[in-house]
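*Asks:* Here it is, the structure in full.
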Amino acid sequence: MKNLIYIFLLILPGISFGQQIAKSEQGTFLLKNGTLVTVTNGTKKADLLIKDGKISAIGETINADNNTSIIDCTGKFIYPGFIDSGCNLGLSEVGSVALTQDYNELGSFTPHMQALTAVNPNAVAIPVTRVNGVTAVFTKPSGGRFPGTGSAISLHGYTPQQMYAGFSGVIMNYPSTGKRNRWDRRSAEDIKKENDKAAKELTDVWSKAILYARIDSAAKASSKSKEGYNPGMDAIVDVVNGEASILIEVNKATDIKAAIKWATEHKLKAIITGAADGWRVTEELKASGFPVITGPVLATPSRNSDKYDTPYSNAAKMQKAGIKIAIRTNDTENVRNLPYHAGFAATYGLGKEEALKSITINPAQIFGIADKYGSLEEGKMASLFISDGDPFETKTQITKLFINGWNVPIESRHTLLYDEFLDRDPGLESKK
Amino acid sequence: MKIIKLIPLLFLPILLSAQVEQGDVLIKNGTVITITDGIKENTDVLISNGKIKSIGEGLAAGDDVRTIDAAGHYVMPGIIDAHSHIALDAVNEATNVVTAEVWQGDALNPFDVGIYRALAGGVTISHAMHGSANAIGGQCQTIKHRWGITDQYDLMMDGAPRTIKFALGENPMRVHGERYGLMPRTRMGVEQVFRKAFSEGKAYMEQWEKHSANKSANAVAPEYDIRLETLADILKGDILIHCHSYRADEILMLMNVLGDFGVNKICFQHVNEGFKVAPELAEFGATASVFADWWAYKFEVYYSTAYNAAILTKNGVVTSINSDSGELIRHLYHEAGKSQKYGGLSDNDALKLITINPAIQLGIDDRVGSLEVGKDGDIAIFKNHPLSIYAVPQYTIVDGIVRFDINEDPADVRMDIDPEETAPAFFEQGGHDHDADGCMHGVFEQLFEKH
Amino acid sequence: MMKKYLLLIFLLAPLIASFAQSDEIPQITNKFLIRNANVIVKPGQLQPGNSILIEDGIIKNVGSNIIPPFDAQVIDADSMYIYAGFIAGLSHIAVPSKETPKDLPKIKNPGNPPNDRAGITPEISLREVMNIKDKSIEAYRKQGITLSHSVPKGRMLPGKGSLIVLNGASVDDMLIKEDVSLFAKLSGASGMYPGTVMAVMSKFRDLFRKAKLAGNHEKTYKSASQGVKRPSYDKSIKALYPAVDNQLPVFFSVEKTRDIQRALRLQKDLGFKMVPSEIKQGWLNIDKLKSQPALLSLNLPKEIKEDKKEKKKDDESEETKSFKAKKQKAYDQYVGQAKLLNEEGISYSFSLLNTKAGDVHKNLSRLVANGLSEDVALAAMTTNPAKTLGIENIAGTIEKNKLANLIVTTKPYFEKESKIKYVFVEGAKFEYDIKEKQKSSSDSTAVDLSGVYNYAVEIPGMTQTGKLTLTKSEDVYTVLVTSEQSSGDPSTIEDVEQDGNILDFDFEADAQGSTMQVNMSLEFDADTFEGKVSVGEFGTFPVTGEKTNPKS
């Protein structure tokens, strides 16, 4: 096994560039005569000007100067780029090869693990994802109770810093009273005991964190330096103070209630994630005021006794109860299916408009980056795409893609292999 | 050829298959997607005694026949999944690199709610496959989703040809080579496993042929061996091969081996690099059953493309899209739709990927896979076009019996409840595993037990 | 100190045992007259004021005016009830769990293990594995089981069953009919072929067909004087001949409906004589069970008890209500199966493969409480198994010239207060003390064993260690077992039986579709314990433990 991995590592640099994706270009682009689905200001026929990385103008008729490339969008649709509010993109290359996976550090309390550190800008899955209209994702660590800090990134750039989209959040896995998977043989009693233990540990960690935060602000106030090296605690000081977001992963109804109670008591700026059972506890979620990032929508129900469409309809039920929701894939290599997750939610009660919001403006607002992303508005970053139809439909093609104003080619390993092999040359070896 | 007669006479059961319930349904005024004969607007389909009796306008049936108003709905053949592991109590007999004799028909579970969930996605037939731990795994079973029946053997689709699972590449190498230290540890070894097994099967077949020609009173039959008998049946072409495969080289290898032993019926499963050798597959007459877009979960699928189905189809390879997953099987119509995004297949070509093409691969295309008079009454009815993201399955009919009706969809459909259960279990992982295909189900549980 | 003390006890143990033995006073006479009792000669036939004369292990006479021989012991059984001794249609009575040898060689090729490692030992006869000192004999006898169809323990083909009486000075003494059945299960081997249920099915087909041909080969070899290849000898295959030739019935343990279907499928494919046994979920296969005798399991699901804390039913969600209703329905089906199958005309007996001795009376009573008639329940423990096992002439009813296998109870058997006073096994009398039931707190509070213990299980080639936490609340123990070697999750066990210093508990572990029974029996001495762990068919291993914080 190990040998295999080492061999793989040796050949990795060589193979990553087997197919070369064309360079993106930056400049001034005028998108003429398209139908703009702005998300925040309705749908309208208009021109859109991209300049200096931003949407510099939207108007009925915008005139171009000589340096502007004009893109005719007649009959086409322009959408803000989609945002996946929870995935591991960039942190994993090959699923079964452990040494290519960077999202799961050892330890239970490691909030100082920074996903942004390990994002590989050249991950093969990144172009594969963005050509489907997903221009930004929140990529996150997973594993222990506090596995680390995730970051929103744009899917274009040569360094993590170039990709960073302005939001980071601490991840927490709230103690679960559910089974891990179908092969989990623990009895109900075993689970309860483990859960009680986990709850105790959490209380302990958090009381220490509160103490640490108090000492930290006292130290800052008096310009004294506090003792010791405690990067984990440093990473959650702002969370404890209610200044920074904490994303609490919790799925089962009773656990969601417990998590809401916990986060409310500690006055945290919480975002509930997962929420597979959210539809069962809409009242509590609504009352908490916490936004919810839910998904995957394309998932099997959490219980054998649940209705077959529970995961499809969960988002709609929460949204109708007045909860702000965003939809995520929680995937790695197939984050590209984000529009289809939203599409299924749309079909099973959410409706097209809200489904579209759940992967554009809603996540941008939840992450506090709506001034830059999430809709087609003047002044926002030019992360958008042009399509020949409804992007939730599998028939629809995306013809142009802009990320932060860069005109990104519609190319990925998948398209390049198609181009190379559709009419393979040489074809059949001639019979001798 | 004597062997064919002899062995069944001696041993094989008289397959007195229980008569499984068949029904009558009249579907009125739907948009009928026949697959093989175009689309017919405002058309009725009458199923009588489990078979399609007529397709046309203004059909009538007796008052006691259930009538479904399909006005504004799409009526298509029941979806067929050529690769699944639902409704199974065991998937991998991972203890030996060749286990041709084991049969999934013996491990069916009619109580798996996965069957109901597949029906709720319009799927009426699935191919319950052995896993991919072994180069020659067990025999699979084509099942009909007769949710509600309680005898596991009644799930079987009577008359469906025998099929068997083969597997190439990482899975058998990992299980046998790495864990047990037994060949194969490489793709070279995998080839030799097939050559050895087929040679032994051939020798067995010849022994029996010789024996049945021996008229002497003192003639003694060769020692019976159920594994070799199965291998002989493969060589005779009595069992269709479905081979788990990924890389182009191993696909070519198996076609070479099969060619050497005169076997030509093969469907490559997953076959993520099939697009690289599409002309060779077409020339051999091999078919392909692929994922719509799965890739990168292991090294041998790192060089994949979601355009695989389109490239194969355009090169003349009969291609289907399968699930290999209790999750994907619920929306194969959507998976098929992805072939339009990735390669622009026509509506009918895309729907063929989940109807007539998998039927061909399972050898049941004379019975199912299209809406034609005389075929089985297996039908899926959709609100909105099945390839649209807005499609919602409304009714799923198997043998003329409505097994899924969205208007009568109770919450807890489980049929076999543990009387000592405290509450229905909640599972944190609702999605699919990202580091493996469904084919390795159960392997590690089995391996980690003590020897 | 502690260790020395323990050691002393061990050294003394054999001595104490032999003292106890020599104190036993032999039976004075083998003639008994049980006088003036209510005799249930067979289910549904009660004869009040009758007497039974026993001589030489045989019922000499049944009647109202029997004059006691001078040398008979007369037992006045006024107001008592006498039933025919119970017959276990299928059980492991007298069969100890296998001790796995410490030096088993590692299997190099898991695809082709030797038959005995794969669980294929049809050649084993009960006499090779039974132990006349096994504690199960006394335990089940105390419950009125006098005769058992006992089979070896194991996996797919553990061996051949024999009929034994539950008393005797030697194996030969106990055996009344040898090799009457072949015992079969759908349990796979662990980590080797056949591992899964589908491979077990294939292996059955392979073995039976091999045996058929091998048998033919042998016949040809014997009939021809020369020129025929000498048949190869395989003791397992050879042991299958009688089953393949329909001479020996195959008792197939099939609890769940899918296993019943599978066994029936094998029967259809291979054509052997079968008795489906240990059936728990037979109501889904009624039509197919009609054609042959069947054995139902007497092991029933735990009774559904309303949680006291959840009394506030009003705010119960629809979902909870519907779940509870479904569960209740499932429970009713399990405990109602015996009634239903009887109504459907299926004649059955009970098998006790997984029924603890202490549950026999309780579970028979639960079946009756769920609508089974008392007569049918009794028939399933007496006349029906006698018929299925072909011993109607000697057992099953209280009739002249049959074996003197009797149960004498203080009240009618199914009455709650009923206690067994005597059990006769082939005329040997066993008398039981009948104490009024003591308050539940008396025995169990005597010793409080709760605490955290480190344990060590000696498994060949390794020592398994971990922690065992005993918690006691309201006289009920809960055990939590964790292991240091496996990363698996701790198991919690309720249902712990305490008998003085001994704790006994079972739990189930799942493995590839089959369930493994684990039993722990621990004897405590102050802050330490020792005992045995039986893990399914893997065998029994010694375990020792010590408290982490001794009181002293």
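For the structure tokens, the naming scheme is as follows: chains receive sequential letters (A, B, ...) according to their order of presentation, residues are indexed from 1 within each chain, and ligands are indexed from 1 in presentation order.
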Near chain B, meaning an atom within 8 Å, which residues of chain C appear when counting only C-alpha atoms? Write them as a ChimeraX atom specification.
*Replies:* /C:106-112,190-199,201-202,205-206,209-210,213-214,216-217,220-221,224,228-229,258,261-262,268-270,284-285,301-302,304,323,326-328,330-331,511-513
*Asks:* Would you tabulate, counting only C-alpha atoms, all residues of chain A that have an atom at most 8 Å from an atom of chain B, showing the closest pair of atoms and their distance in Å to one decimal, sorted by chain then ascending number, as a Markdown table?
*Replies:*
```
| residue | atom | partner | partner_atom | distance |
| --- | --- | --- | --- | --- |
| A:Met1 | CA | B:Glu178 | CA | 7.0 |
| A:Glu93 | CA | B:Ala296 | CA | 7.1 |
| A:Val94 | CA | B:Ala296 | CA | 5.1 |
| A:Gly95 | CA | B:Tyr297 | CA | 3.9 |
| A:Ser96 | CA | B:Lys298 | CA | 4.7 |
| A:Val97 | CA | B:Lys298 | CA | 6.7 |
| A:Gly178 | CA | B:Phe426 | CA | 4.9 |
| A:Lys179 | CA | B:Phe427 | CA | 4.8 |
| A:Arg180 | CA | B:Glu428 | CA | 5.0 |
| A:Asn181 | CA | B:Phe427 | CA | 5.1 |
| A:Arg182 | CA | B:Phe427 | CA | 6.6 |
| A:Ala188 | CA | B:Thr422 | CA | 7.5 |
| A:Asn251 | CA | B:Glu428 | CA | 6.9 |
| A:Lys252 | CA | B:Phe426 | CA | 7.2 |
| A:Pro296 | CA | B:Gly431 | CA | 6.8 |
| A:Leu298 | CA | B:Gly431 | CA | 7.0 |
| A:Ala299 | CA | B:Gly431 | CA | 4.3 |
| A:Thr300 | CA | B:Gly430 | CA | 4.9 |
| A:Pro301 | CA | B:Gly430 | CA | 6.0 |
| A:Ser302 | CA | B:Phe427 | CA | 5.0 |
| A:Arg303 | CA | B:Phe426 | CA | 4.9 |
| A:Asn304 | CA | B:Val113 | CA | 6.6 |
| A:Ser305 | CA | B:Asp412 | CA | 4.3 |
| A:Asp306 | CA | B:Ala411 | CA | 5.9 |
| A:Lys307 | CA | B:Ala411 | CA | 4.9 |
| A:Tyr308 | CA | B:Arg117 | CA | 5.6 |
| A:Asp331 | CA | B:His434 | CA | 7.7 |
| A:Thr332 | CA | B:His434 | CA | 7.8 |
| A:Glu333 | CA | B:Ala296 | CA | 6.5 |
| A:Asn334 | CA | B:Trp294 | CA | 7.4 |
| A:Tyr340 | CA | B:Ile389 | CA | 7.2 |
| A:Gly343 | CA | B:Ile389 | CA | 6.0 |
| A:Phe344 | CA | B:Ile389 | CA | 6.5 |
| A:Ala346 | CA | B:Tyr390 | CA | 7.7 |
| A:Thr347 | CA | B:Tyr390 | CA | 5.1 |
| A:Phe392 | CA | B:Ile389 | CA | 6.6 |
| A:Glu393 | CA | B:Ile389 | CA | 5.4 |
| A:Thr394 | CA | B:Lys341 | CA | 5.3 |
| A:Lys395 | CA | B:Lys341 | CA | 5.1 |
| A:Thr396 | CA | B:Lys341 | CA | 6.4 |
| A:Gln397 | CA | B:Lys341 | CA | 6.3 |
| A:Arg413 | CA | B:Thr305 | CA | 7.1 |
| A:His414 | CA | B:Thr305 | CA | 4.2 |
| A:Thr415 | CA | B:Thr305 | CA | 7.2 |
| A:Leu417 | CA | B:Thr305 | CA | 6.4 |
| A:Tyr418 | CA | B:Tyr307 | CA | 6.0 |
| A:Phe421 | CA | B:Lys276 | CA | 6.1 |
| A:Leu422 | CA | B:Ile311 | CA | 5.2 |
| A:Arg424 | CA | B:Lys276 | CA | 7.7 |
| A:Gly427 | CA | B:Pro279 | CA | 6.5 |
| A:Leu428 | CA | B:Pro279 | CA | 5.9 |
```
*Asks:* Could you save the residues just selected, with C-alpha atoms, as a tab-separated table (two decimals), in the first residue's frame?
*Replies:*
```
chain	number	residue	atom	x	y	z
A	1	MET	CA	0.00	0.00	0.00
A	93	GLU	CA	-6.83	14.79	-5.07
A	94	VAL	CA	-7.57	11.06	-5.17
A	95	GLY	CA	-10.15	9.66	-2.77
A	96	SER	CA	-8.50	6.37	-1.85
A	97	VAL	CA	-4.94	7.71	-1.68
A	178	GLY	CA	-26.86	9.09	15.50
A	179	LYS	CA	-25.05	6.19	13.97
A	180	ARG	CA	-22.05	7.04	11.83
A	181	ASN	CA	-23.12	4.87	8.92
A	182	ARG	CA	-24.90	1.66	8.14
A	188	ALA	CA	-28.57	2.94	21.49
A	251	ASN	CA	-27.87	16.54	11.59
A	252	LYS	CA	-30.20	14.65	13.91
A	296	PRO	CA	-26.15	17.16	0.03
A	298	LEU	CA	-28.82	14.13	-3.52
A	299	ALA	CA	-28.50	11.81	-0.56
A	300	THR	CA	-30.31	8.84	0.88
A	301	PRO	CA	-32.65	9.55	3.79
A	302	SER	CA	-31.05	9.46	7.24
A	303	ARG	CA	-33.38	6.79	8.51
A	304	ASN	CA	-34.80	3.71	6.83
A	305	SER	CA	-38.14	4.90	8.16
A	306	ASP	CA	-37.90	8.33	6.51
A	307	LYS	CA	-39.72	9.10	3.30
A	308	TYR	CA	-37.71	8.60	0.14
A	331	ASP	CA	-18.54	16.64	-2.03
A	332	THR	CA	-14.99	16.79	-3.35
A	333	GLU	CA	-14.57	15.86	-6.99
A	334	ASN	CA	-18.21	16.32	-7.89
A	340	TYR	CA	-28.33	19.78	-9.66
A	343	GLY	CA	-32.36	21.82	-8.92
A	344	PHE	CA	-33.68	18.82	-7.00
A	346	ALA	CA	-36.26	23.41	-6.46
A	347	THR	CA	-38.32	20.52	-7.83
A	392	PHE	CA	-30.26	23.59	-13.29
A	393	GLU	CA	-31.09	21.58	-16.41
A	394	THR	CA	-28.55	19.00	-17.53
A	395	LYS	CA	-29.17	19.96	-21.14
A	396	THR	CA	-27.89	23.46	-20.58
A	397	GLN	CA	-24.36	24.39	-21.64
A	413	ARG	CA	-9.52	17.39	-17.82
A	414	HIS	CA	-12.95	16.08	-18.75
A	415	THR	CA	-13.42	18.33	-21.76
A	417	LEU	CA	-10.18	14.06	-22.83
A	418	TYR	CA	-13.41	14.39	-24.81
A	421	PHE	CA	-10.77	10.78	-27.71
A	422	LEU	CA	-14.11	11.41	-29.40
A	424	ARG	CA	-9.43	8.87	-31.66
A	427	GLY	CA	-8.46	4.59	-34.44
A	428	LEU	CA	-8.58	0.84	-34.77
```
*Asks:* As a count of residues only, list the residues of region 326-379 of chain C assigned to alpha helix (DSSP H) by DSSP on the backbone atoms of this structure.
*Replies:* 34
*Asks:* Output as CSV one row per residue of region 15-110 of chain C within 12 Å of region 346-349 of chain C: the closest atom pair and its distance in Å to one decimal place, counting only C-alpha atoms, sorted by chain and residue number ascending.
*Replies:*
```
residue,atom,partner,partner_atom,distance
C:Phe86,CA,C:Ser349,CA,10.7
C:Ile87,CA,C:Ser349,CA,8.9
C:Ala88,CA,C:Ser349,CA,8.2
C:Gly89,CA,C:Ser349,CA,6.0
C:Leu90,CA,C:Ser349,CA,8.9
C:Ser91,CA,C:Ser349,CA,11.9
```
*Asks:* Would you export the selected residues with C-alpha atoms as an mmCIF file, in the first residue's frame, please?
*Replies:*
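Just written: result32.cif:
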```cif
data_model
loop_
_atom_site.group_PDB
_atom_site.id
_atom_site.type_symbol
_atom_site.label_atom_id
_atom_site.label_comp_id
_atom_site.auth_asym_id
_atom_site.auth_seq_id
_atom_site.Cartn_x
_atom_site.Cartn_y
_atom_site.Cartn_z
ATOM 1 C CA PHE C 86 -40.419 -32.453 27.977
ATOM 2 C CA ILE C 87 -38.473 -33.253 24.840
ATOM 3 C CA ALA C 88 -36.168 -30.681 23.281
ATOM 4 C CA GLY C 89 -36.812 -31.041 19.557
ATOM 5 C CA LEU C 90 -33.344 -29.657 18.915
ATOM 6 C CA SER C 91 -30.785 -28.291 21.332
#
```
*Asks:* Per residue of chain A within 10 Å of chain C, record the nearest atom pair and its distance in Å to one decimal, counting only C-alpha atoms, with rows in chain order and ascending residue number, as a tab-separated table.
*Replies:*
```
residue	atom	partner	partner_atom	distance
A:Trp183	CA	C:Asp510	CA	9.7
A:Asp184	CA	C:Asp489	CA	8.6
A:Arg185	CA	C:Asp510	CA	7.6
A:Arg186	CA	C:Asp489	CA	6.2
A:Ser187	CA	C:Ser491	CA	7.0
A:Ala188	CA	C:Thr492	CA	8.8
A:Glu189	CA	C:Thr492	CA	6.3
A:Asp190	CA	C:Thr492	CA	5.7
A:Ile191	CA	C:Asp489	CA	8.9
A:Lys193	CA	C:Thr492	CA	9.2
A:Glu194	CA	C:Pro490	CA	8.9
A:Ser305	CA	C:Phe323	CA	8.7
A:Asp306	CA	C:Glu319	CA	9.8
```
*Asks:* Excluding region 171-186 of chain C and its own-chain neighbours fewer than 5 positions away, which residues fall within 6 Å of it when counting only C-alpha atoms? Please give them as an MDAnalysis selection string.
*Replies:* chainID C and resid 156:157 159:165 248:253
*Asks:* Please save N, CA and C atoms of the selected residues as a tab-separated table (two decimals), in the first residue's frame.
*Replies:*
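As a result, part-v1.tsv now contains:
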```tsv
chain	number	residue	atom	x	y	z
C	156	MET	N	-21.52	-24.29	9.39
C	156	MET	CA	-22.52	-24.76	8.43
C	156	MET	C	-22.93	-26.23	8.61
C	157	LEU	N	-21.98	-27.10	8.88
C	157	LEU	CA	-22.32	-28.50	9.11
C	157	LEU	C	-21.59	-29.00	10.36
C	159	GLY	N	-22.26	-31.33	12.55
C	159	GLY	CA	-22.15	-32.76	12.81
C	159	GLY	C	-23.51	-33.42	12.89
C	160	LYS	N	-23.52	-34.60	13.51
C	160	LYS	CA	-24.75	-35.39	13.57
C	160	LYS	C	-25.36	-35.33	14.97
C	161	GLY	N	-26.69	-35.30	15.00
C	161	GLY	CA	-27.40	-35.22	16.27
C	161	GLY	C	-27.78	-36.60	16.77
C	162	SER	N	-27.91	-36.69	18.10
C	162	SER	CA	-28.34	-37.94	18.72
C	162	SER	C	-29.38	-37.63	19.77
C	163	LEU	N	-30.14	-38.66	20.15
C	163	LEU	CA	-31.13	-38.48	21.20
C	163	LEU	C	-30.51	-38.90	22.52
C	164	ILE	N	-30.66	-38.05	23.52
C	164	ILE	CA	-30.11	-38.38	24.84
C	164	ILE	C	-31.18	-38.17	25.90
C	165	VAL	N	-31.07	-38.94	26.97
C	165	VAL	CA	-31.86	-38.62	28.15
C	165	VAL	C	-30.99	-37.76	29.05
C	248	LEU	N	-31.23	-39.77	6.16
C	248	LEU	CA	-31.03	-39.01	7.40
C	248	LEU	C	-31.63	-37.61	7.22
C	249	PRO	N	-32.53	-37.22	8.12
C	249	PRO	CA	-33.10	-35.87	7.96
C	249	PRO	C	-32.08	-34.78	8.30
C	250	VAL	N	-32.18	-33.69	7.59
C	250	VAL	CA	-31.30	-32.56	7.86
C	250	VAL	C	-32.09	-31.56	8.71
C	251	PHE	N	-31.64	-31.34	9.93
C	251	PHE	CA	-32.26	-30.34	10.79
C	251	PHE	C	-31.55	-29.02	10.52
C	252	PHE	N	-32.28	-28.10	9.90
C	252	PHE	CA	-31.67	-26.86	9.41
C	252	PHE	C	-32.07	-25.72	10.31
C	253	SER	N	-31.12	-25.09	10.95
C	253	SER	CA	-31.43	-23.95	11.81
C	253	SER	C	-31.65	-22.71	10.95
```
*Asks:* Rounded to one decimal, what separation in Å do you get between CA of Asp366 (chain B) and CA of Met157 (chain B)?
*Replies:*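 Distance between the two atoms: 13.1 Å.
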*Asks:* Quick one: everything within 12 Å of Val368 (chain C), counting only C-alpha atoms, minus sequence neighbours fewer than 4 positions away in the same chain. Send it as a list in words.
*Replies:*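 Here the qualifying residues turn out to be Val335, Gly336, Gln337, Ala338, Lys339, His361, Lys362, Asn363, Leu364, Leu372, Ser373, Glu374, Asp375, Val376, Ala377, Leu378, Tyr413, Phe414, Glu415 and Lys416 of chain C.
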*Asks:* Include C-alpha atoms and write out the residues we just selected as an mmCIF file, in the first residue's frame.
*Replies:*
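File again.cif, as written:
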```cif
data_model
loop_
_atom_site.group_PDB
_atom_site.id
_atom_site.type_symbol
_atom_site.label_atom_id
_atom_site.label_comp_id
_atom_site.auth_asym_id
_atom_site.auth_seq_id
_atom_site.Cartn_x
_atom_site.Cartn_y
_atom_site.Cartn_z
ATOM 1 C CA VAL C 335 -44.944 -14.092 19.945
ATOM 2 C CA GLY C 336 -48.060 -14.956 17.958
ATOM 3 C CA GLN C 337 -46.306 -17.176 15.420
ATOM 4 C CA ALA C 338 -46.927 -20.372 17.400
ATOM 5 C CA LYS C 339 -50.645 -19.698 17.578
ATOM 6 C CA HIS C 361 -41.273 -21.848 31.399
ATOM 7 C CA LYS C 362 -41.441 -18.097 31.000
ATOM 8 C CA ASN C 363 -41.558 -18.249 27.207
ATOM 9 C CA LEU C 364 -44.016 -21.135 26.977
ATOM 10 C CA LEU C 372 -51.579 -20.382 21.989
ATOM 11 C CA SER C 373 -53.611 -23.111 23.599
ATOM 12 C CA GLU C 374 -51.942 -24.852 26.524
ATOM 13 C CA ASP C 375 -52.486 -28.210 24.901
ATOM 14 C CA VAL C 376 -50.685 -27.206 21.732
ATOM 15 C CA ALA C 377 -47.835 -25.737 23.762
ATOM 16 C CA LEU C 378 -47.524 -28.983 25.683
ATOM 17 C CA TYR C 413 -47.893 -25.942 34.531
ATOM 18 C CA PHE C 414 -49.136 -22.690 33.024
ATOM 19 C CA GLU C 415 -50.303 -21.192 36.279
ATOM 20 C CA LYS C 416 -48.059 -18.439 37.417
#
```
